[in-house]
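The file final_34.csv comes next; it holds CSV, C-alpha atoms.
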chain,number,residue,atom,x,y,z
A,23,MET,CA,8.7,33.7,20.8
A,24,LYS,CA,6.6,35.4,18.1
A,25,ASP,CA,9.4,34.7,15.5
A,26,GLU,CA,9.5,31.1,16.5
A,27,GLU,CA,5.8,30.8,16.1
A,28,GLN,CA,6.0,32.3,12.6
A,29,LEU,CA,8.8,30.0,11.7
A,30,VAL,CA,6.7,26.9,12.7
A,31,ASN,CA,3.7,28.2,10.9
A,32,LEU,CA,5.7,28.1,7.7
A,33,LEU,CA,5.9,24.3,8.2
A,34,PHE,CA,2.2,23.6,8.8
A,35,PRO,CA,-0.7,25.0,6.8
A,36,PRO,CA,-2.8,27.4,8.8
A,37,TRP,CA,-5.8,25.7,10.4
A,38,LYS,CA,-8.3,27.7,8.4
A,39,LEU,CA,-6.8,26.5,5.1
A,40,MET,CA,-6.6,22.9,6.3
A,41,ALA,CA,-10.1,23.0,7.7
A,42,ARG,CA,-11.4,24.2,4.3
A,43,PHE,CA,-9.5,21.3,2.5
A,44,LEU,CA,-10.9,18.7,4.9
A,45,LEU,CA,-14.4,20.1,4.6
A,46,VAL,CA,-14.3,20.0,0.8
A,47,THR,CA,-13.0,16.4,0.9
A,48,MET,CA,-15.8,15.3,3.2
A,49,LEU,CA,-18.4,17.1,1.1
A,50,LEU,CA,-17.1,15.5,-2.2
A,51,ILE,CA,-17.0,12.0,-0.7
A,52,THR,CA,-20.6,12.4,0.6
A,53,GLY,CA,-21.7,13.9,-2.7
A,54,THR,CA,-20.1,11.1,-4.7
A,55,GLY,CA,-21.7,8.4,-2.6
A,56,LEU,CA,-25.2,9.9,-2.8
A,57,SER,CA,-25.2,11.0,-6.5
A,58,GLY,CA,-23.4,7.8,-7.6
A,59,THR,CA,-26.0,5.6,-5.9
A,60,LEU,CA,-29.0,7.6,-7.1
A,61,LEU,CA,-27.7,7.6,-10.6
A,62,PHE,CA,-27.1,3.9,-10.7
A,63,ILE,CA,-30.5,3.1,-9.2
A,64,SER,CA,-32.2,5.4,-11.7
A,65,TYR,CA,-30.3,4.9,-14.9
A,66,PHE,CA,-28.6,1.5,-14.7
A,67,ASN,CA,-31.5,-0.5,-13.3
A,68,GLY,CA,-29.6,-0.8,-10.0
A,69,ASN,CA,-27.0,-3.4,-10.7
A,70,PRO,CA,-25.3,-3.6,-7.2
A,71,GLU,CA,-22.0,-5.2,-8.5
A,72,ARG,CA,-21.5,-2.3,-11.0
A,73,LEU,CA,-22.4,0.2,-8.3
A,74,ILE,CA,-19.9,-1.1,-5.8
A,75,GLY,CA,-17.2,-1.6,-8.4
A,76,THR,CA,-17.6,2.0,-9.7
A,77,LEU,CA,-17.7,3.5,-6.2
A,78,PHE,CA,-14.5,1.6,-5.2
A,79,ILE,CA,-12.6,2.6,-8.4
A,80,GLY,CA,-14.0,6.2,-7.9
A,81,SER,CA,-12.7,6.3,-4.4
A,82,ILE,CA,-9.2,5.3,-5.5
A,83,VAL,CA,-9.1,7.9,-8.2
A,84,PHE,CA,-10.5,10.5,-5.9
A,85,CYS,CA,-7.9,9.8,-3.2
A,86,ILE,CA,-5.1,10.0,-5.7
A,87,ILE,CA,-6.3,13.4,-7.0
A,88,ASN,CA,-6.9,14.7,-3.5
A,89,PHE,CA,-3.4,13.5,-2.5
A,90,LEU,CA,-2.0,15.5,-5.4
A,91,VAL,CA,-3.9,18.5,-4.2
A,92,THR,CA,-2.1,18.2,-0.9
A,93,ARG,CA,1.1,18.3,-2.9
A,94,GLY,CA,0.1,21.6,-4.5
A,95,VAL,CA,-0.9,20.4,-8.0
A,96,PHE,CA,-3.3,23.1,-9.3
A,97,ILE,CA,-4.7,21.1,-12.1
A,98,CYS,CA,-6.0,18.5,-9.6
A,99,SER,CA,-7.9,21.2,-7.7
A,100,LYS,CA,-9.4,22.2,-11.1
A,101,ILE,CA,-10.3,18.5,-11.8
A,102,LEU,CA,-12.1,18.3,-8.5
A,103,LYS,CA,-14.0,21.5,-9.3
A,104,TYR,CA,-15.2,20.3,-12.6
A,105,TYR,CA,-15.9,16.9,-11.1
A,106,ALA,CA,-18.3,18.5,-8.6
A,107,LEU,CA,-19.9,20.5,-11.5
A,108,CYS,CA,-20.4,17.3,-13.5
A,109,LEU,CA,-22.1,15.6,-10.5
A,110,ILE,CA,-24.3,18.7,-10.0
A,111,ILE,CA,-25.4,18.5,-13.7
A,112,LEU,CA,-26.0,14.8,-13.5
A,113,SER,CA,-27.9,15.1,-10.2
A,114,ILE,CA,-30.1,17.8,-11.7
A,115,THR,CA,-31.3,15.4,-14.4
A,116,LEU,CA,-32.4,13.1,-11.5
A,117,LEU,CA,-35.1,15.6,-10.6
A,118,LEU,CA,-37.2,14.1,-13.4
A,119,GLU,CA,-36.9,10.7,-11.8
A,120,ILE,CA,-38.3,11.5,-8.4
A,121,ASN,CA,-40.7,8.8,-7.4
A,122,SER,CA,-40.8,9.0,-3.6
A,123,MET,CA,-40.3,11.4,-0.7
A,124,ASN,CA,-37.1,9.6,0.4
A,125,TYR,CA,-35.7,10.0,-3.1
A,126,PHE,CA,-36.5,13.7,-3.1
A,127,ILE,CA,-34.9,14.3,0.4
A,128,LEU,CA,-31.7,12.4,-0.6
A,129,LEU,CA,-31.5,14.3,-3.9
A,130,SER,CA,-32.0,17.6,-2.2
A,131,ILE,CA,-29.2,16.8,0.4
A,132,ASP,CA,-27.0,15.7,-2.5
A,133,LEU,CA,-27.5,18.9,-4.5
A,134,ILE,CA,-26.9,21.1,-1.4
A,135,ILE,CA,-23.7,19.2,-0.6
A,136,LEU,CA,-22.3,19.3,-4.2
A,137,LEU,CA,-23.2,23.0,-4.6
A,138,SER,CA,-21.4,23.8,-1.3
A,139,ALA,CA,-18.3,21.7,-2.4
A,140,PHE,CA,-18.3,23.5,-5.8
A,141,TYR,CA,-18.6,26.9,-4.1
A,142,LEU,CA,-15.8,26.1,-1.6
A,143,ILE,CA,-13.4,24.8,-4.2
A,144,SER,CA,-13.9,27.9,-6.3
A,145,GLY,CA,-13.3,30.1,-3.2
A,146,LYS,CA,-10.0,31.9,-2.4
A,147,THR,CA,-9.3,29.9,0.8
A,148,TYR,CA,-9.1,26.6,-1.0
A,149,GLN,CA,-6.8,28.1,-3.7
A,150,LYS,CA,-4.7,29.6,-1.0
A,151,PHE,CA,-4.3,26.2,0.5
A,152,VAL,CA,-3.1,24.7,-2.8
A,153,GLN,CA,-0.7,27.6,-3.3
A,154,TYR,CA,0.6,27.2,0.2
A,155,GLN,CA,1.3,23.5,-0.4
A,156,PHE,CA,2.9,24.2,-3.8
A,157,ASP,CA,5.3,26.8,-2.3
A,158,PHE,CA,6.1,24.4,0.6
A,159,PHE,CA,7.1,21.5,-1.6
A,160,GLU,CA,9.0,23.8,-3.9
A,161,ASP,CA,11.0,25.1,-0.9
A,162,ILE,CA,11.8,21.5,0.1
A,163,LYS,CA,13.0,20.6,-3.4
A,164,GLU,CA,15.2,23.7,-3.5
A,165,ALA,CA,16.7,23.0,-0.1
A,166,LYS,CA,17.4,19.4,-1.1
A,167,ARG,CA,19.2,20.6,-4.3
A,168,ILE,CA,21.4,23.0,-2.4
A,169,ILE,CA,22.3,20.3,0.2
A,170,ASP,CA,23.1,17.7,-2.5
A,171,LYS,CA,25.3,20.3,-4.3
A,172,GLU,CA,27.1,21.1,-1.1
A,173,ILE,CA,27.7,17.5,-0.2
A,174,ALA,CA,28.9,16.7,-3.8
A,175,ALA,CA,31.3,19.6,-3.7
A,176,SER,CA,32.7,18.6,-0.4
A,177,LYS,CA,33.1,15.0,-1.6
A,178,ARG,CA,34.9,16.2,-4.7
A,179,GLY,CA,37.2,18.3,-2.5
A,180,LYS,CA,38.0,15.3,-0.4
A,181,ASN,CA,38.7,13.0,-3.4
A,182,SER,CA,41.0,15.6,-5.0
A,183,SER,CA,43.0,16.1,-1.8
B,5,MET,CA,-1.2,13.2,4.6
B,6,ILE,CA,-0.7,17.0,5.0
B,7,GLY,CA,0.8,16.5,8.4
B,8,SER,CA,3.3,13.8,7.5
B,9,GLY,CA,4.2,15.8,4.4
B,10,ALA,CA,4.8,18.9,6.5
B,11,ALA,CA,7.2,16.8,8.7
B,12,ILE,CA,9.4,15.9,5.8
B,13,PRO,CA,12.0,18.7,6.5
B,14,LEU,CA,12.3,17.6,10.1
B,15,SER,CA,12.3,13.9,9.4
B,16,GLY,CA,14.5,14.2,6.3
B,17,GLY,CA,12.0,12.3,4.2
B,18,THR,CA,11.3,9.5,6.6
B,19,SER,CA,7.7,10.6,7.1
B,20,THR,CA,7.2,10.1,3.3
B,21,ALA,CA,6.6,6.4,4.2
B,22,ILE,CA,4.0,7.4,6.7
B,23,THR,CA,2.4,9.6,4.0
B,24,TYR,CA,2.1,6.7,1.5
B,25,LEU,CA,0.7,4.5,4.3
B,26,ALA,CA,-1.7,7.3,5.2
B,27,VAL,CA,-2.8,7.5,1.5
B,28,ALA,CA,-3.5,3.7,1.4
B,29,ALA,CA,-5.3,3.8,4.7
B,30,SER,CA,-7.3,6.9,3.7
B,31,THR,CA,-8.2,5.4,0.3
B,32,ALA,CA,-9.6,2.3,2.1
B,33,SER,CA,-11.4,4.5,4.6
B,34,THR,CA,-12.9,6.6,1.7
B,35,ALA,CA,-14.1,3.4,0.0
B,36,GLN,CA,-15.6,2.2,3.3
B,37,CYS,CA,-17.3,5.6,3.7
B,38,LEU,CA,-18.7,5.5,0.1
B,39,ASN,CA,-19.9,2.0,0.8
B,40,GLY,CA,-21.7,3.2,3.9
B,41,ILE,CA,-23.3,6.2,2.1
B,42,ALA,CA,-24.3,3.9,-0.8
B,43,ARG,CA,-25.9,1.4,1.6
B,44,THR,CA,-27.8,4.2,3.4
B,45,THR,CA,-29.1,5.6,0.2
B,46,ILE,CA,-30.0,2.1,-1.1
B,47,GLU,CA,-31.8,1.4,2.2
B,48,ALA,CA,-33.9,4.5,1.8
B,49,VAL,CA,-34.7,4.1,-1.9
B,50,ALA,CA,-34.4,0.4,-2.8
B,51,PRO,CA,-33.7,-1.8,0.2
B,52,LYS,CA,-33.8,-5.1,-1.8
B,53,TYR,CA,-30.3,-4.3,-3.2
B,54,ASN,CA,-28.8,-4.3,0.3
B,55,ASP,CA,-30.2,-7.8,1.0
B,56,TYR,CA,-28.7,-8.9,-2.4
B,57,LEU,CA,-25.2,-7.4,-1.4
B,58,ASP,CA,-25.3,-9.0,2.0
B,59,SER,CA,-25.9,-12.4,0.5
B,60,LYS,CA,-22.7,-12.2,-1.7
B,61,GLU,CA,-19.5,-13.6,-0.5
B,62,TRP,CA,-17.3,-11.3,-2.6
B,63,TYR,CA,-18.9,-8.3,-1.0
B,64,LYS,CA,-18.0,-9.5,2.5
B,65,ASP,CA,-14.4,-10.2,1.4
B,66,ILE,CA,-14.0,-6.7,0.0
B,67,THR,CA,-15.3,-5.0,3.1
B,68,LEU,CA,-13.0,-7.2,5.2
B,69,ALA,CA,-10.0,-6.3,3.0
B,70,LEU,CA,-10.8,-2.6,3.3
B,71,ASP,CA,-11.0,-2.9,7.0
B,72,VAL,CA,-7.6,-4.5,7.1
B,73,ILE,CA,-6.0,-1.9,4.9
B,74,SER,CA,-7.4,1.0,6.9
B,75,LEU,CA,-6.0,-0.7,10.0
B,76,ALA,CA,-2.5,-0.4,8.5
B,77,GLY,CA,-2.7,3.2,9.5
B,78,ALA,CA,-2.6,2.0,13.1
B,79,ALA,CA,1.1,1.1,12.4
B,80,THR,CA,1.9,4.7,13.2
B,81,LEU,CA,1.2,3.8,16.8
B,82,LYS,CA,4.6,2.1,16.8
B,83,THR,CA,6.3,5.5,16.3
B,84,VAL,CA,5.0,6.8,19.6
B,85,LYS,CA,6.0,3.5,21.3
B,86,VAL,CA,9.5,3.7,19.9
B,87,LEU,CA,9.8,7.4,20.9
B,88,SER,CA,8.8,6.8,24.5
B,89,ALA,CA,11.1,3.8,24.7
B,90,ASN,CA,14.2,5.6,23.4
B,91,SER,CA,13.9,8.7,25.5
B,92,ASN,CA,14.1,9.0,29.2
B,93,LYS,CA,11.3,11.5,29.3
B,94,SER,CA,7.6,10.8,29.2
B,95,ILE,CA,5.6,12.0,26.1
B,96,PRO,CA,4.0,14.9,28.0
B,97,SER,CA,7.3,16.2,29.3
B,98,ILE,CA,8.8,16.0,25.7
B,99,LEU,CA,5.8,18.0,24.5
B,100,THR,CA,6.5,20.6,27.2
B,101,GLY,CA,10.0,21.1,25.8
B,102,LEU,CA,13.6,20.0,25.7
B,103,SER,CA,16.6,21.8,27.1
B,104,ARG,CA,19.0,23.8,24.9
B,105,ALA,CA,21.6,21.0,25.0
B,106,GLU,CA,19.1,18.3,24.4
B,107,ARG,CA,17.7,20.1,21.4
B,108,LYS,CA,21.2,20.6,19.9
B,109,ARG,CA,22.0,16.9,20.4
B,110,LEU,CA,18.7,16.0,18.8
B,111,THR,CA,19.3,18.3,15.8
B,112,GLN,CA,22.7,16.8,15.2
B,113,ASP,CA,21.3,13.3,15.4
B,114,VAL,CA,18.6,14.2,12.9
B,115,ILE,CA,21.2,15.7,10.5
B,116,ARG,CA,23.4,12.6,10.9
B,117,LEU,CA,20.4,10.3,10.1
B,118,ASN,CA,19.4,12.4,7.1
B,119,THR,CA,22.9,12.6,5.7
B,120,PRO,CA,24.6,9.3,6.5
B,121,GLY,CA,28.4,9.3,6.6
B,122,ILE,CA,28.6,13.0,7.3
B,123,SER,CA,31.8,13.9,9.2
B,124,ASN,CA,31.9,16.1,12.3
B,125,LYS,CA,33.9,18.7,10.5
B,126,LEU,CA,31.5,18.9,7.5
B,127,LEU,CA,28.5,18.9,9.9
B,128,LYS,CA,30.0,21.9,11.8
B,129,SER,CA,30.9,23.8,8.6
B,130,MET,CA,27.4,23.2,7.2
B,131,VAL,CA,25.8,24.4,10.4
B,132,LYS,CA,28.1,27.4,10.4
B,133,SER,CA,27.2,28.2,6.8
B,134,GLY,CA,23.5,28.0,7.7
B,135,HIS,CA,22.6,24.9,5.5
B,136,PHE,CA,21.6,23.0,8.6
B,137,PRO,CA,20.1,24.5,11.8
B,138,SER,CA,22.2,24.6,14.9
B,139,ARG,CA,19.2,23.4,16.9
B,140,TYR,CA,15.5,23.0,16.2
B,141,SER,CA,13.3,25.3,18.2
B,142,ASN,CA,11.2,23.8,21.0
B,143,LEU,CA,8.1,24.7,19.0
B,144,GLU,CA,9.2,22.8,15.9
B,145,ILE,CA,9.9,19.7,18.0
B,146,THR,CA,6.7,19.9,19.9
B,147,ARG,CA,4.6,20.4,16.8
B,148,ALA,CA,6.3,17.4,15.1
B,149,LEU,CA,5.6,15.2,18.1
B,150,THR,CA,2.0,16.5,18.5
B,151,LEU,CA,1.5,15.6,14.8
B,152,GLN,CA,2.7,12.0,15.4
B,153,LEU,CA,0.3,11.7,18.4
B,154,LYS,CA,-2.6,13.0,16.3
B,155,ASP,CA,-1.8,10.4,13.7
B,156,ALA,CA,-1.7,7.8,16.4
B,157,ILE,CA,-5.1,9.0,17.8
B,158,GLY,CA,-6.6,8.8,14.3
B,159,ALA,CA,-5.2,5.3,13.8
B,160,SER,CA,-6.5,4.2,17.1
B,161,MET,CA,-10.0,5.5,16.0
B,162,SER,CA,-9.7,3.2,13.0
B,163,PHE,CA,-8.7,0.4,15.3
B,164,ALA,CA,-11.7,1.1,17.6
B,165,GLY,CA,-14.1,1.3,14.6
B,166,SER,CA,-12.8,-2.0,13.4
B,167,GLY,CA,-13.0,-3.5,16.9
B,168,LEU,CA,-16.7,-2.5,17.2
B,169,SER,CA,-17.8,-4.0,13.9
B,170,GLY,CA,-14.9,-5.2,11.8
B,171,THR,CA,-11.9,-7.5,11.6
B,172,VAL,CA,-10.5,-6.8,15.0
B,173,ASN,CA,-13.9,-7.6,16.6
B,174,SER,CA,-13.4,-11.3,15.6
B,175,LEU,CA,-9.9,-11.5,17.2
B,176,ALA,CA,-9.4,-13.0,20.6
B,177,VAL,CA,-6.5,-12.6,22.9
B,178,GLY,CA,-5.6,-15.7,25.1
B,179,ILE,CA,-3.5,-15.6,28.3
B,180,TYR,CA,-2.1,-19.0,29.3
B,181,GLU,CA,-0.1,-20.2,32.3
B,182,GLU,CA,1.8,-23.4,32.5
B,183,LEU,CA,1.2,-25.2,35.7
B,184,ALA,CA,3.7,-27.6,37.2
B,185,GLN,CA,2.4,-31.1,37.2
Mind converting the file's structure to structure tokens?
Amino acid sequence: MKDEEQLVNLLFPPWKLMARFLLVTMLLITGTGLSGTLLFISYFNGNPERLIGTLFIGSIVFCIINFLVTRGVFICSKILKYYALCLIILSITLLLEINSMNYFILLSIDLIILLSAFYLISGKTYQKFVQYQFDFFEDIKEAKRIIDKEIAASKRGKNSS
Amino acid sequence: MIGSGAAIPLSGGTSTAITYLAVAASTASTAQCLNGIARTTIEAVAPKYNDYLDSKEWYKDITLALDVISLAGAATLKTVKVLSANSNKSIPSILTGLSRAERKRLTQDVIRLNTPGISNKLLKSMVKSGHFPSRYSNLEITRALTLQLKDAIGASMSFAGSGLSGTVNSLAVGIYEELAQ
């Protein structure tokens, strides 16, 4: 029973790793929405068309990169890490633009969220998740290669006979 | 996405389609989420922009389109329906476990589906050589089915969300009966 459990756990990422990935995703989405909106209102004179367009394009790019993280692409996890860092730096510059209590509260929440996301992406658990996914898909590729070889060899054997 | 990716070995790549559907649906859901966060932020800082957006036709069309795309994830519900229709067992009893013979038959069917045209002889020799499993364990099957159910529950949440305030809310179902004159 224990062996079976271990065998199955090889197929599915451990819950701890998966929970960390989902948490980072949620934090980055919230951070992107908050800082993106605050940046547009402060620096681009609040053009709503541009804001919505940028957020939609941003969400597509973010989802593609995040999807690649689930496929074990290390460079994408680094991109997300530096993306969080860029948002933190840009949000810090917004401290000079505070003009109301609401603005201050939102900016504080935004900075806390982005710092948490940056900390979690830099952590070992998130990197373990990417490594786990990388190993998993490498194993699938290898298994597919072996099966294809075997089938091709058996077909060749049939044709020659 | 992770779940359907993990099911690739068991489904022989069939779940890849679900993965891409999930990517499209999750992208649309992310965009909706960002839209919601942006609207909340705007409402707190500069509410006039929300009024401006609400007055625009293109904005309503985009939110409608996103709602429809995220609903595509609900298509995974069909998998569960097909599963219960094709097996004599109920979903809970399948989740409890299959017998040894049932698991062997299921494994052979999965291998045949994954490698079309494979002969019985080749199948047996490949199972013997360890390239294919002789039978999936109860746990493997149960986890794969649980995963499908979770996907379905997630999809139904999208459906419910849309039903409360989105596209589905405006749909109506009519039941008619023809009466003899």
Pick from A:Tyr105, A:Phe78, A:Tyr148, A:Phe62 nearest to chain B, counting only C-alpha atoms: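 Distance minimum relative to chain B lands on A:Phe78.
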Taking all atoms listed in the file into account, report as an MDAnalysis selection string which residues of chain B lie within 6 Å of chain A. chainID B and resid 10 31 35 38 41:42 144
Rounded to one decimal in Å, what is the spacing between CA of Arg107 in chain B and CA of Arg139 in chain B?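 Computing it gives 5.8 Å between the two atoms.
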Restricting the calculation to only C-alpha atoms: of B:Ala48, B:Val131, B:Leu70, B:Glu61, which residue gets closest to Ser30 in chain B?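 Among B:Ala48, B:Val131, B:Leu70, B:Glu61, it is B:Leu70 that comes nearest to Ser30 in chain B.
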Could you pull the residues within 12 Å of range 120-130 of chain B, counting only C-alpha atoms, minus those fewer than 2 positions along the same chain, as a PyMOL selection string? (chain A and resi 168-170+172-177+179-180) or (chain B and resi 16+111-118+132-138)
Computed interatomic separation between CA of Ile135 in chain A and CA of Lys52 in chain B (Å):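 Result for CA of Ile135 in chain A versus CA of Lys52 in chain B: 26.3 Å, one decimal.
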In Å, rounded to a single decimal, give me how far CA of Leu90 in chain A is from CA of Ile134 in chain A.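 Pair CA of Ile134 in chain A / CA of Leu90 in chain A returns 25.8 Å.
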With all atoms listed in the file as the basis for distance, which of A:Phe96, A:Phe140, A:Phe151, A:Tyr65 is at the shortest distance from Ala41 in chain A?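 Smallest distance to Ala41 in chain A is found for A:Phe151.
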Nearest to Leu57 in chain B by atom-to-atom distance, counting only C-alpha atoms, from B:Arg43, B:Ala69, B:Tyr140, B:Gln36: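 So, comparing all the options, the nearest one is B:Arg43.
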Just need range 66-81 of chain A in a file, please: C-alpha atoms, as a PDB file, in the first residue's frame.
ATOM      1  CA  PHE A  66      -0.849  58.083 -17.511  1.00  0.00           C
ATOM      2  CA  ASN A  67      -3.584  60.466 -16.449  1.00  0.00           C
ATOM      3  CA  GLY A  68      -5.936  57.489 -16.061  1.00  0.00           C
ATOM      4  CA  ASN A  69      -6.773  56.575 -19.642  1.00  0.00           C
ATOM      5  CA  PRO A  70      -9.223  53.662 -19.017  1.00  0.00           C
ATOM      6  CA  GLU A  71      -8.890  52.205 -22.558  1.00  0.00           C
ATOM      7  CA  ARG A  72      -5.135  51.913 -22.212  1.00  0.00           C
ATOM      8  CA  LEU A  73      -5.462  50.504 -18.705  1.00  0.00           C
ATOM      9  CA  ILE A  74      -7.907  47.748 -19.733  1.00  0.00           C
ATOM     10  CA  GLY A  75      -5.907  46.946 -22.890  1.00  0.00           C
ATOM     11  CA  THR A  76      -2.641  46.672 -20.983  1.00  0.00           C
ATOM     12  CA  LEU A  77      -4.199  44.554 -18.238  1.00  0.00           C
ATOM     13  CA  PHE A  78      -5.721  42.146 -20.763  1.00  0.00           C
ATOM     14  CA  ILE A  79      -2.475  41.781 -22.714  1.00  0.00           C
ATOM     15  CA  GLY A  80      -0.630  41.436 -19.403  1.00  0.00           C
ATOM     16  CA  SER A  81      -2.977  38.673 -18.280  1.00  0.00           C
TER      17      SER A  81
END
